[in-house]
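Working notes, structure below.
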Amino acid sequence: MEHKILNISFIFGAIAILFFSLFSPLKAYGQYYSQSENNKEISIDKKIRAIGDTQYFDNIEASRKTFFEKDVIEFQIKVENTGKETLNNIKVRDTLPKYLGLIFNPGTFNEKGNLVEWTIDKLDPGQSKEYLIRAKIKDSTKISVLTKETNNVEAKVDNLSDSDNASYFIGKNTVPNTGASDLIVKTILVTLTASGGFYFRKLARGF
């Protein structure tokens with residue numbers, strides 16, 4: 001009986017050793033893989049300024065500045081490797097909102113999707129790169145109320161991604177049409193009216 005108990009104990013001990021030897025390497029490999037992934041990190045930051053302003057902001061509220069037709073906006077985009085491993089082939093995609101006409105930008109512009117896209121070949125740990133996108137407000141006469149617009153940007157590499165945005169406000173021009181062209185038209189009309197009246201008076205008098 002004692003001999004049988006010893007055999008059973010031996011069998012269970014062998015199974016336990018076999019189980020430990022099979023699954024411990026997998027567990028160790030999983031821990032190593034997770035640690036390796038955590039060593040890769042990326043950060044993207046987007047700011048905005050009005051041309052003529054020396055300071056960039058995360059967002060521009062309407063109380064600070066409202067943009068109108070032909071006003072120029074500049075976006076600053078900073079991509080940084082905040083991890084411990086080198087990152088390669090980082091894809092950056094910037095989605096422009098409505099009522100913007102590009103002046104200059106990095107990479108390529110897809111007008112159909114209103115996308116600015118470019119690739120960063122390499123960023124070493126702690127390294128960052130900055131890019132500028134400048135655009136002009138256009139077709140804002142189509143809006144009838146104060147409108148908030150948001151510009152989104154995203155960076156992707158391997159299984160990592162980060163995104164940020166910057167918002168601003170567009171207003172509708174409400175200045176009445178009383179410029180120089182309107183004054184010229186009114187002057188011509190007054191002149192024609194006066195000349196016509198003078199001609200008919202002469203005609204009625206016969207001289």
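Identifiers in this document derive from the order of the structure tokens: chains are assigned A, B, ..., residues are numbered from 1 separately in each chain, and ligands are numbered from 1 in order of occurrence.
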- Message: List the spatial neighbours of region 51-63 of chain A as a PyMOL selection string - criterion: any atom at most 7 Å away, only C-alpha atoms, same-chain residues fewer than 4 positions off excluded.
- Response: chain A and resi 46-47+72-74+166-169
- Task: Find the spatial neighbours of Ile90 (chain A), counting only C-alpha atoms, within a cut-off of 6 Å - ignore same-chain residues fewer than 2 positions away - and output them as a PyMOL selection string.
- Result: chain A and resi 88+119-120+156-157
Go ahead and write the selection's residues with N, CA and C atoms as a PDB file, in the first residue's frame.
ATOM      1  N   ASN A  88      10.669  53.870 -36.759  1.00  0.00           N
ATOM      2  CA  ASN A  88      10.896  54.031 -38.192  1.00  0.00           C
ATOM      3  C   ASN A  88       9.577  54.098 -38.959  1.00  0.00           C
ATOM      4  N   THR A 119       5.494  61.066 -44.181  1.00  0.00           N
ATOM      5  CA  THR A 119       6.166  59.993 -43.434  1.00  0.00           C
ATOM      6  C   THR A 119       7.453  60.521 -42.835  1.00  0.00           C
ATOM      7  N   ILE A 120       7.665  60.195 -41.562  1.00  0.00           N
ATOM      8  CA  ILE A 120       8.929  60.499 -40.886  1.00  0.00           C
ATOM      9  C   ILE A 120       9.771  59.227 -40.913  1.00  0.00           C
ATOM     10  N   LYS A 156       1.040  57.402 -36.549  1.00  0.00           N
ATOM     11  CA  LYS A 156       0.987  55.947 -36.369  1.00  0.00           C
ATOM     12  C   LYS A 156       2.326  55.321 -36.716  1.00  0.00           C
ATOM     13  N   VAL A 157       2.726  54.329 -35.909  1.00  0.00           N
ATOM     14  CA  VAL A 157       3.926  53.550 -36.204  1.00  0.00           C
ATOM     15  C   VAL A 157       3.774  52.198 -35.507  1.00  0.00           C
TER      16      VAL A 157
END
Can you list, as an mmCIF file with C-alpha atoms, in the first residue's frame, every protein, DNA or RNA residue that comes within 7 Å of Pro97 (chain A) when you count only C-alpha atoms, leaving out same-chain residues fewer than 4 positions away?
data_model
loop_
_atom_site.group_PDB
_atom_site.id
_atom_site.type_symbol
_atom_site.label_atom_id
_atom_site.label_comp_id
_atom_site.auth_asym_id
_atom_site.auth_seq_id
_atom_site.Cartn_x
_atom_site.Cartn_y
_atom_site.Cartn_z
ATOM 1 C CA GLU A 149 -13.800 74.266 -36.742
ATOM 2 C CA THR A 150 -11.415 71.562 -35.505
ATOM 3 C CA ASN A 151 -8.210 70.379 -37.146
#
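Residues in contact with Ile77 (chain A) at up to 6 Å, not including ones fewer than 4 positions away on its chain and judged by only C-alpha atoms, are Asp45, Lys46, Glu130 and Tyr131 of chain A.
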- Task: Find the residues around Asn81 (chain A) up to 7 Å (only C-alpha atoms counted), leave out those fewer than 6 positions away in its own chain, and share them as a list in words.
- Result: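 Here the qualifying residues turn out to be Glu41, Ile42, Ser43, Leu123, Asp124, Pro125, Gly126, Gln127 and Ser128 of chain A.
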Using C-alpha atoms, can you export the residues from the last selection as a PDB file, in the first residue's frame?
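For reference, again36.pdb as written:
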ATOM      1  CA  GLU A  41       6.092  55.307 -27.325  1.00  0.00           C
ATOM      2  CA  ILE A  42       5.104  58.207 -29.560  1.00  0.00           C
ATOM      3  CA  SER A  43       3.591  61.623 -28.879  1.00  0.00           C
ATOM      4  CA  LEU A 123      13.033  59.178 -34.777  1.00  0.00           C
ATOM      5  CA  ASP A 124      15.579  58.138 -32.165  1.00  0.00           C
ATOM      6  CA  PRO A 125      14.576  58.008 -28.457  1.00  0.00           C
ATOM      7  CA  GLY A 126      13.964  61.535 -27.210  1.00  0.00           C
ATOM      8  CA  GLN A 127      14.113  63.010 -30.720  1.00  0.00           C
ATOM      9  CA  SER A 128      11.314  65.219 -32.082  1.00  0.00           C
TER      10      SER A 128
END
Residues near Leu146 (chain A), cut-off 7 Å, only C-alpha atoms, skip fewer than 5 positions along chain, as an mmCIF file with N, CA and C atoms, in the first residue's frame:
data_model
loop_
_atom_site.group_PDB
_atom_site.id
_atom_site.type_symbol
_atom_site.label_atom_id
_atom_site.label_comp_id
_atom_site.auth_asym_id
_atom_site.auth_seq_id
_atom_site.Cartn_x
_atom_site.Cartn_y
_atom_site.Cartn_z
ATOM 1 N N PHE A 169 -12.535 79.529 -34.459
ATOM 2 C CA PHE A 169 -13.885 79.948 -34.844
ATOM 3 C C PHE A 169 -13.842 80.824 -36.097
ATOM 4 N N ILE A 170 -14.809 80.580 -36.973
ATOM 5 C CA ILE A 170 -14.958 81.386 -38.187
ATOM 6 C C ILE A 170 -16.251 82.189 -38.072
ATOM 7 N N GLY A 171 -16.175 83.479 -38.394
ATOM 8 C CA GLY A 171 -17.361 84.334 -38.381
ATOM 9 C C GLY A 171 -17.738 84.757 -39.789
ATOM 10 N N LYS A 172 -18.991 85.121 -39.972
ATOM 11 C CA LYS A 172 -19.461 85.600 -41.274
ATOM 12 C C LYS A 172 -19.235 87.101 -41.348
#
- Task: Pick out the residues sitting within 12 Å of Glu111 (chain A), and hand them over as a VMD selection string; count only C-alpha atoms, and ignore anything fewer than 6 positions along from it in its own chain.
- Result: chain A and resid 95 to 98 100 to 102 117
- Task: Find, counting only C-alpha atoms, the residue in A:Asn173, A:Thr147, A:Gln76, A:Thr86 that gets nearest to Leu132 (chain A).
- Result: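 So, comparing all the options, the nearest one is A:Gln76.
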- Can you list every residue in region 43-178 of chain A that DSSP puts in strand (DSSP E or B), as a PyMOL selection string? chain A and resi 43-50+57+67+72-81+87-95+100-104+108-110+115-123+128-137+147-157+160-170
